[in-house]
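Novice: What follows is my_file-v6.tsv, TSV, C-alpha atoms.
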chain	number	residue	atom	x	y	z
A	183	MET	CA	39.99	185.11	186.65
A	184	SER	CA	43.48	186.19	185.52
A	185	GLU	CA	45.76	184.11	183.27
A	186	SER	CA	47.96	183.20	186.24
A	187	GLN	CA	44.98	182.15	188.37
A	188	LEU	CA	43.54	180.12	185.51
A	189	ILE	CA	46.80	178.23	184.96
A	190	GLU	CA	47.19	177.57	188.70
A	191	TYR	CA	43.59	176.39	188.86
A	192	LYS	CA	44.08	174.02	185.94
A	193	GLU	CA	47.38	172.80	187.38
A	194	SER	CA	45.74	171.99	190.71
A	195	TRP	CA	43.22	169.87	188.83
A	196	ARG	CA	46.09	168.15	186.98
A	197	ASP	CA	44.35	168.98	183.74
A	198	GLU	CA	45.71	166.52	181.18
A	199	TYR	CA	45.27	169.13	178.44
A	200	LEU	CA	47.39	171.77	180.12
A	201	LYS	CA	50.73	172.05	178.32
A	202	TRP	CA	53.83	173.42	179.98
A	203	ILE	CA	54.47	175.34	176.77
A	204	TRP	CA	51.52	177.67	177.48
A	205	VAL	CA	52.95	178.39	180.91
A	206	LEU	CA	56.19	179.50	179.21
A	207	LEU	CA	54.40	181.60	176.63
A	208	PHE	CA	51.87	183.44	178.78
A	209	HIS	CA	52.45	183.02	182.53
A	210	ARG	CA	54.17	185.99	184.20
A	211	ASN	CA	55.96	183.69	186.65
A	212	SER	CA	56.79	180.66	184.51
A	213	GLU	CA	59.88	179.98	186.66
A	214	LYS	CA	57.54	178.69	189.37
A	215	TRP	CA	57.18	175.60	187.21
A	216	ILE	CA	60.08	175.78	184.74
A	217	THR	CA	63.51	176.62	186.13
A	218	GLY	CA	65.72	178.87	184.03
A	219	SER	CA	62.94	180.22	181.82
A	220	PHE	CA	64.41	183.73	181.67
A	221	VAL	CA	67.15	185.64	179.85
A	222	LYS	CA	70.42	186.75	181.47
A	223	ILE	CA	72.33	189.71	179.99
A	224	GLY	CA	75.79	190.88	181.04
A	225	PHE	CA	78.21	193.56	179.89
A	226	PHE	CA	81.87	192.44	179.83
A	227	GLU	CA	84.96	194.61	179.61
A	228	THR	CA	87.00	191.41	179.10
A	229	ASP	CA	86.05	187.74	179.34
A	230	ALA	CA	86.94	187.83	183.05
A	231	ASP	CA	85.63	191.32	183.82
A	232	LEU	CA	81.84	191.51	184.17
A	233	ARG	CA	80.78	195.14	184.70
A	234	TYR	CA	77.01	194.78	185.18
A	235	GLN	CA	74.17	192.42	184.42
A	236	ASP	CA	70.39	192.10	184.24
A	237	GLU	CA	67.80	189.35	184.13
A	238	VAL	CA	64.61	189.54	182.05
A	239	HIS	CA	61.76	187.55	183.58
A	240	GLY	CA	58.12	186.97	182.70
A	241	SER	CA	56.38	185.12	179.90
A	242	LEU	CA	58.27	184.50	176.66
A	243	MET	CA	55.98	186.97	174.91
A	244	ILE	CA	57.07	189.64	177.42
A	245	GLN	CA	60.74	188.65	177.31
A	246	ALA	CA	60.85	188.85	173.51
A	247	ASP	CA	60.28	192.62	173.54
A	248	ARG	CA	61.97	193.51	176.83
A	249	VAL	CA	65.29	191.90	175.93
A	250	ILE	CA	65.62	193.96	172.73
A	251	ASP	CA	64.56	197.17	174.48
A	252	LEU	CA	67.10	196.59	177.27
A	253	LEU	CA	69.94	195.81	174.86
A	254	TYR	CA	69.37	198.98	172.82
A	255	THR	CA	68.75	201.33	175.73
A	256	LYS	CA	71.38	200.16	178.23
A	257	TYR	CA	73.92	197.78	176.74
A	258	LEU	CA	74.64	198.96	173.19
A	259	THR	CA	76.01	202.46	172.63
A	260	ALA	CA	75.09	204.34	169.48
A	261	GLU	CA	77.29	206.93	167.84
A	262	ILE	CA	75.22	210.03	167.09
A	263	SER	CA	75.37	212.04	163.89
A	264	TYR	CA	73.03	214.48	162.17
A	265	ASP	CA	71.58	214.85	158.69
A	266	ASN	CA	70.58	218.52	158.77
A	267	ILE	CA	68.34	218.52	161.87
A	268	THR	CA	67.61	214.77	161.80
A	269	ARG	CA	69.35	212.83	164.57
A	270	ILE	CA	70.87	209.55	163.35
A	271	GLU	CA	71.98	206.76	165.70
A	272	HIS	CA	74.59	204.27	164.48
A	273	TYR	CA	74.51	201.11	166.60
A	274	PRO	CA	77.26	198.48	166.34
A	275	PHE	CA	74.74	195.78	165.37
A	276	PRO	CA	71.55	195.95	163.25
A	277	LYS	CA	68.51	195.83	165.51
A	278	ASP	CA	66.41	193.58	163.26
A	279	ALA	CA	69.18	190.97	163.11
A	280	VAL	CA	69.67	190.93	166.89
A	281	ARG	CA	65.90	190.68	167.37
A	282	GLU	CA	65.74	187.69	165.02
A	283	ALA	CA	68.62	186.00	166.86
A	284	VAL	CA	67.02	186.53	170.29
A	285	PHE	CA	63.69	185.17	169.05
A	286	ASN	CA	65.49	182.12	167.61
A	287	ALA	CA	67.18	181.48	170.95
A	288	LEU	CA	63.86	181.62	172.83
A	289	ILE	CA	62.10	179.40	170.29
A	290	HIS	CA	64.80	176.71	170.16
A	291	GLN	CA	65.77	176.79	173.85
A	292	ASP	CA	65.85	173.41	175.62
A	293	PHE	CA	63.97	174.41	178.77
A	294	SER	CA	64.45	170.99	180.36
A	295	VAL	CA	68.08	171.90	181.17
A	296	GLY	CA	67.14	174.70	183.57
A	297	VAL	CA	69.75	177.16	182.22
A	298	PRO	CA	68.59	180.56	180.88
A	299	VAL	CA	69.35	182.04	177.48
A	300	GLN	CA	72.55	184.08	177.97
A	301	ILE	CA	73.61	187.24	176.15
A	302	SER	CA	77.15	188.55	176.64
A	303	VAL	CA	77.79	192.08	175.41
A	304	TYR	CA	81.21	193.61	174.71
A	305	LYS	CA	82.15	196.93	173.13
A	306	ASP	CA	82.75	195.31	169.75
A	307	LYS	CA	80.95	191.96	169.88
A	308	LEU	CA	77.88	190.21	171.21
A	309	TYR	CA	77.24	186.55	172.07
A	310	ILE	CA	73.84	184.86	172.26
A	311	SER	CA	73.83	181.29	173.56
A	312	ASN	CA	71.10	178.81	174.38
A	313	ASP	CA	70.80	175.13	175.17
A	314	CYS	CA	69.27	173.22	172.31
A	315	VAL	CA	68.56	169.82	170.82
A	316	PHE	CA	69.87	169.71	167.26
A	317	PRO	CA	68.19	167.51	164.65
A	318	ALA	CA	70.24	164.41	163.87
A	319	ASN	CA	73.32	165.07	161.69
A	320	TRP	CA	72.88	168.87	161.71
A	321	THR	CA	75.97	171.05	161.98
A	322	ALA	CA	76.78	174.75	161.93
A	323	ASP	CA	77.15	174.45	158.14
A	324	THR	CA	73.58	173.12	157.92
A	325	LEU	CA	72.32	176.27	159.64
A	326	MET	CA	74.02	178.52	157.10
A	327	GLN	CA	72.50	176.64	154.16
A	328	LYS	CA	68.92	176.46	152.91
A	329	HIS	CA	66.99	174.21	155.33
A	330	ARG	CA	63.43	173.50	156.32
A	331	SER	CA	61.90	174.90	159.48
A	332	LEU	CA	62.37	172.35	162.26
A	333	PRO	CA	61.94	174.15	165.62
A	334	HIS	CA	62.66	172.31	168.86
A	335	ASN	CA	59.52	173.91	170.36
A	336	PRO	CA	56.96	174.03	167.52
A	337	ASP	CA	54.16	175.47	169.70
A	338	ILE	CA	56.40	178.39	170.72
A	339	ALA	CA	57.46	178.91	167.09
A	340	ASN	CA	53.85	178.85	165.90
A	341	THR	CA	52.78	181.37	168.55
A	342	PHE	CA	55.66	183.72	167.65
A	343	PHE	CA	54.68	183.36	163.99
A	344	ARG	CA	51.02	184.19	164.65
A	345	ALA	CA	52.11	187.19	166.73
A	346	GLY	CA	54.05	188.50	163.71
A	347	PHE	CA	57.47	188.04	165.35
A	348	ILE	CA	58.92	185.52	162.87
A	349	GLU	CA	58.33	183.68	159.62
A	350	SER	CA	57.85	179.91	159.54
A	351	TRP	CA	60.14	178.82	156.71
A	352	GLY	CA	63.49	178.34	158.43
A	353	ARG	CA	64.84	181.61	156.97
A	354	GLY	CA	65.93	183.18	160.27
A	355	ILE	CA	69.66	182.63	159.76
A	356	GLU	CA	69.47	183.76	156.14
A	357	LYS	CA	67.68	186.96	157.16
A	358	ILE	CA	70.26	187.68	159.87
A	359	CYS	CA	73.15	187.22	157.43
A	360	ASN	CA	71.52	189.46	154.81
A	361	LEU	CA	70.88	192.18	157.38
A	362	TYR	CA	74.52	192.08	158.45
A	363	LYS	CA	75.74	192.37	154.87
A	364	GLU	CA	73.52	195.42	154.35
A	365	TYR	CA	74.87	196.89	157.59
A	366	GLY	CA	78.48	196.47	156.49
A	367	ILE	CA	79.33	193.79	159.07
A	368	ALA	CA	80.68	190.28	158.63
A	369	GLU	CA	78.19	187.44	158.96
A	370	PRO	CA	77.75	186.05	162.49
A	371	GLU	CA	79.77	183.04	163.58
A	372	TYR	CA	78.15	179.91	165.01
A	373	LYS	CA	79.69	177.52	167.49
A	374	VAL	CA	77.74	174.29	167.94
A	375	HIS	CA	78.51	172.31	171.08
A	376	PRO	CA	76.97	168.97	172.12
A	377	ASN	CA	74.22	170.63	174.17
A	378	ASP	CA	74.16	174.30	173.19
A	379	ILE	CA	74.72	176.76	170.39
A	380	MET	CA	76.45	180.15	170.54
A	381	MET	CA	76.12	182.94	167.99
A	382	MET	CA	78.79	185.64	167.89
A	383	PHE	CA	78.22	189.04	166.28
A	384	LYS	CA	81.31	191.16	165.68
A	385	ALA	CA	81.09	194.86	164.88
A	386	ASN	CA	83.18	196.54	162.22
A	387	SER	CA	84.38	200.12	162.44
A	388	THR	CA	81.72	202.79	162.87
A	389	GLU	CA	82.71	204.37	159.56
A	390	SER	CA	82.01	201.17	157.60
A	391	ILE	CA	78.62	200.86	159.30
A	392	LYS	CA	77.78	204.48	158.44
A	393	GLU	CA	78.79	203.95	154.83
A	394	ALA	CA	76.63	200.82	154.55
A	395	GLU	CA	73.65	202.63	156.12
A	396	GLU	CA	74.03	205.54	153.70
A	397	ASN	CA	74.19	203.15	150.74
A	398	LYS	CA	71.12	201.31	151.99
A	399	SER	CA	69.29	204.60	152.50
A	400	SER	CA	70.08	205.77	148.98
A	401	LYS	CA	68.85	202.47	147.55
A	402	SER	CA	65.63	202.36	149.57
A	403	GLY	CA	64.94	206.10	149.46
A	404	LEU	CA	61.81	207.24	147.69
A	405	LYS	CA	63.10	210.31	145.88
A	406	ASN	CA	63.42	208.51	142.54
A	407	LYS	CA	60.14	206.60	142.80
A	408	ASN	CA	57.37	207.32	140.30
A	409	TRP	CA	54.77	208.66	142.68
A	410	PRO	CA	51.07	208.28	141.85
A	411	GLU	CA	49.73	211.49	140.31
A	412	LYS	CA	46.88	211.62	142.83
A	413	TRP	CA	49.29	212.23	145.69
A	414	PRO	CA	49.81	215.88	146.69
A	415	GLU	CA	53.30	217.18	146.01
A	416	LYS	CA	54.22	217.23	149.73
A	417	TRP	CA	53.47	213.55	150.29
A	418	PRO	CA	56.66	212.06	148.80
A	419	GLU	CA	58.60	213.91	151.50
A	420	LYS	CA	56.26	212.57	154.20
A	421	ALA	CA	56.51	209.06	152.78
A	422	GLU	CA	60.30	209.21	152.84
A	423	GLN	CA	60.13	210.26	156.49
A	424	ILE	CA	57.99	207.18	157.10
A	425	ILE	CA	60.58	204.98	155.38
A	426	ASN	CA	63.34	206.45	157.57
A	427	ALA	CA	61.24	205.97	160.71
A	428	ILE	CA	60.49	202.33	159.84
A	429	SER	CA	64.19	201.74	159.12
A	430	GLU	CA	64.99	202.81	162.68
A	431	ASP	CA	62.05	201.02	164.33
A	432	ASN	CA	59.93	198.61	162.30
A	433	LYS	CA	57.39	198.41	165.14
A	434	ILE	CA	56.74	202.14	165.14
A	435	THR	CA	53.15	203.13	165.91
A	436	ILE	CA	50.86	205.44	163.98
A	437	THR	CA	50.78	207.73	167.02
A	438	LYS	CA	54.57	208.06	166.89
A	439	LEU	CA	54.45	208.71	163.13
A	440	GLU	CA	51.95	211.51	163.75
A	441	GLU	CA	54.55	213.20	166.00
A	442	ILE	CA	57.39	212.73	163.48
A	443	LEU	CA	55.41	213.89	160.45
A	444	ASP	CA	53.45	216.55	162.36
A	445	ILE	CA	50.20	215.57	160.63
A	446	GLY	CA	46.92	214.06	161.75
A	447	HIS	CA	45.99	210.45	162.42
A	448	THR	CA	43.73	210.12	159.36
A	449	THR	CA	46.37	211.53	157.00
A	450	VAL	CA	49.07	209.18	158.33
A	451	LYS	CA	46.77	206.18	157.86
A	452	LYS	CA	45.95	207.32	154.32
A	453	ILE	CA	49.64	207.67	153.37
A	454	LEU	CA	50.46	204.27	154.90
A	455	SER	CA	47.55	202.66	153.07
A	456	GLU	CA	48.58	204.07	149.69
A	457	MET	CA	52.25	203.21	150.27
A	458	GLN	CA	51.19	199.61	150.93
A	459	ALA	CA	48.99	199.59	147.84
A	460	GLU	CA	51.88	200.88	145.72
A	461	GLY	CA	54.23	198.23	147.12
A	462	TYR	CA	56.65	200.46	149.03
A	463	ILE	CA	55.94	198.94	152.47
A	464	SER	CA	54.05	195.96	153.87
A	465	ARG	CA	52.56	195.09	157.23
A	466	VAL	CA	53.47	191.76	158.88
A	467	GLY	CA	51.16	190.75	161.72
A	468	ALA	CA	48.62	192.90	163.48
A	469	GLY	CA	48.43	195.03	166.61
A	470	LYS	CA	51.37	195.36	169.01
A	471	GLY	CA	52.99	192.16	167.80
A	472	GLY	CA	53.16	193.22	164.14
A	473	HIS	CA	55.83	195.18	162.30
A	474	TRP	CA	56.50	197.05	159.05
A	475	ASP	CA	58.71	195.83	156.19
A	476	ILE	CA	60.28	198.03	153.53
A	477	VAL	CA	59.73	196.26	150.23
Just give me the structure of the file as structure tokens.
Specialist:
Amino acid sequence: MSESQLIEYKESWRDEYLKWIWVLLFHRNSEKWITGSFVKIGFFETDADLRYQDEVHGSLMIQADRVIDLLYTKYLTAEISYDNITRIEHYPFPKDAVREAVFNALIHQDFSVGVPVQISVYKDKLYISNDCVFPANWTADTLMQKHRSLPHNPDIANTFFRAGFIESWGRGIEKICNLYKEYGIAEPEYKVHPNDIMMMFKANSTESIKEAEENKSSKSGLKNKNWPEKWPEKWPEKAEQIINAISEDNKITITKLEEILDIGHTTVKKILSEMQAEGYISRVGAGKGGHWDIV
């Protein structure tokens, strides 16, 4: 019996233990029960000029990945440059920060309203808005300060945490701001309305983004690290390629790393293992839901 059939079967029995939250998280057609449980994305030339749009449907676990993939393959344009033969893509917004913001919107969304999470994309800015229920006396200033984790949908937050998508300490906003500083962009702006919240990302010039990326690369590069003596001389170069690959896509697979490094599966796993042991990288979560962090 499939997940969808199981949920429909339980629903027909009016199972008192069935929670609507599991329908949102895992059912491929959650909108059958919960109106507006999808994400709407639109590209705007001006506020009044919508050029094209998409809707991302399915379970929240599916939406979480598909929204980011769609934004960075269709909606956001990267400026291309080259470092020798290495192709470098400079996007207007840091991918990790946008991912964190999208996950936050899905986790804190008030699904009782029936309005989807909405993402408005412009050439130089991006808005993410969702309906929400703020804790009493919270303001936009509260979000920007140190605060405890208090998700509107704790079961969704816990599932995203166990899947390796997020942390569980209320540090999402802090992480987003830090990523923007490293990327050479001003911190996002928050507008809190009575029933919804809107986050606005604004891009700086491409040159300032490039400069910030180069500074970050020089700081996180491995050329000046004291490599373990047991590593062959060629491995520091391979390890630096891994760092660069993780910087571009922190969910990169071992199979993809094999292609980039042009070495075998066992060797890639050995390098990754020793880099983790030496504290250069860490793994958060397991399987497809996990990701790599550069320490």
Novice: Just checking: using only C-alpha atoms, which residue out of A:Leu253, A:Ile476, A:Ile436, A:Leu361 ends up closest to Ser302 (chain A)?
Specialist: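 Going through A:Leu253, A:Ile476, A:Ile436, A:Leu361 one by one, the smallest distance to Ser302 (chain A) is for A:Leu253.
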Novice: How many Å lie between CA of Lys214 (chain A) and CA of Ile348 (chain A), rounded to one decimal?
Specialist: 27.4 Å
Novice: What is the CA of Leu242 (chain A)-CA of Pro376 (chain A) distance in Å, reported with one decimal?
Specialist: 24.7 Å
Novice: Hey, which of A:Lys420, A:Leu443, A:Ala345, A:Pro276 ends up closest to Glu369 (chain A)? Count all atoms listed in the file.
Specialist: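 With all atoms listed in the file as the atom set, the closest residue is A:Pro276.
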Novice: Could you tell me, as a list in words, which residues have any atom at most 12 Å from (81.3, 189.6, 179.5), counting only C-alpha atoms?
Specialist: Lys222, Ile223, Gly224, Phe225, Phe226, Glu227, Thr228, Asp229, Ala230, Asp231, Leu232, Arg233, Tyr234, Gln235, Tyr257, Gln300, Ile301, Ser302, Val303, Tyr304, Lys305, Asp306, Lys307, Leu308, Tyr309 and Ile310 of chain A
Novice: Tell me which protein, DNA and RNA residues are within 8 Å of Gly218 (chain A), counting all atoms listed in the file, leaving out same-chain ones fewer than 5 positions away, and put them as a ChimeraX atom specification.
Specialist: /A:213,293,295-298
Novice: Name the closest residue to Ser429 (chain A) among the candidates A:Met380, A:Asn286, A:Asp278, A:Val450; distances are taken between atoms, counting all atoms listed in the file.
Specialist: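 Closest to Ser429 (chain A) of all the choices is A:Asp278.
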Novice: Between CA of Trp474 (chain A) and CA of Leu439 (chain A), what distance in Å does the model show, to one decimal?
Specialist: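 Atom-to-atom, CA of Trp474 (chain A) and CA of Leu439 (chain A) are spaced 12.5 Å apart.
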Novice: So which residues fall inside 12 Å of (71.7, 191.5, 166.0) if we count all atoms listed in the file? Mind giving them as a PyMOL selection string?
Specialist: chain A and resi 249-250+253-254+258+273-286+301+303+307-310+354-355+357-363+365+367-371+381-385
Novice: How would region 255-275 of chain A look with N, CA and C atoms restored, written as a CSV table (one decimal), in the coordinates of the input?
Specialist:
chain,number,residue,atom,x,y,z
A,255,THR,N,68.8,200.1,174.9
A,255,THR,CA,68.8,201.3,175.7
A,255,THR,C,69.8,201.4,176.8
A,256,LYS,N,70.4,200.2,177.1
A,256,LYS,CA,71.4,200.2,178.2
A,256,LYS,C,72.7,199.6,177.8
A,257,TYR,N,72.7,198.5,177.0
A,257,TYR,CA,73.9,197.8,176.7
A,257,TYR,C,74.7,198.2,175.5
A,258,LEU,N,74.0,198.6,174.4
A,258,LEU,CA,74.6,199.0,173.2
A,258,LEU,C,74.7,200.5,173.0
A,259,THR,N,75.8,201.0,172.8
A,259,THR,CA,76.0,202.5,172.6
A,259,THR,C,76.0,202.9,171.2
A,260,ALA,N,75.2,203.8,170.9
A,260,ALA,CA,75.1,204.3,169.5
A,260,ALA,C,75.9,205.6,169.3
A,261,GLU,N,76.6,205.7,168.2
A,261,GLU,CA,77.3,206.9,167.8
A,261,GLU,C,76.3,207.9,167.1
A,262,ILE,N,76.2,209.1,167.6
A,262,ILE,CA,75.2,210.0,167.1
A,262,ILE,C,75.8,210.9,166.0
A,263,SER,N,75.0,211.1,164.9
A,263,SER,CA,75.4,212.0,163.9
A,263,SER,C,74.1,212.7,163.4
A,264,TYR,N,74.2,213.7,162.6
A,264,TYR,CA,73.0,214.5,162.2
A,264,TYR,C,73.0,214.7,160.7
A,265,ASP,N,71.8,214.5,160.1
A,265,ASP,CA,71.6,214.8,158.7
A,265,ASP,C,70.7,216.1,158.7
A,266,ASN,N,71.3,217.3,158.5
A,266,ASN,CA,70.6,218.5,158.8
A,266,ASN,C,70.1,218.5,160.2
A,267,ILE,N,68.8,218.5,160.5
A,267,ILE,CA,68.3,218.5,161.9
A,267,ILE,C,67.9,217.1,162.3
A,268,THR,N,68.0,216.1,161.5
A,268,THR,CA,67.6,214.8,161.8
A,268,THR,C,68.7,214.0,162.6
A,269,ARG,N,68.4,213.6,163.7
A,269,ARG,CA,69.4,212.8,164.6
A,269,ARG,C,69.4,211.4,164.1
A,270,ILE,N,70.7,210.9,163.8
A,270,ILE,CA,70.9,209.6,163.4
A,270,ILE,C,71.7,208.8,164.4
A,271,GLU,N,71.3,207.6,164.7
A,271,GLU,CA,72.0,206.8,165.7
A,271,GLU,C,72.6,205.6,165.0
A,272,HIS,N,73.9,205.4,165.1
A,272,HIS,CA,74.6,204.3,164.5
A,272,HIS,C,75.0,203.3,165.6
A,273,TYR,N,74.2,202.2,165.6
A,273,TYR,CA,74.5,201.1,166.6
A,273,TYR,C,75.5,200.1,166.0
A,274,PRO,N,76.3,199.4,166.9
A,274,PRO,CA,77.3,198.5,166.3
A,274,PRO,C,76.7,197.3,165.7
A,275,PHE,N,75.4,196.9,166.0
A,275,PHE,CA,74.7,195.8,165.4
A,275,PHE,C,73.3,196.2,164.9
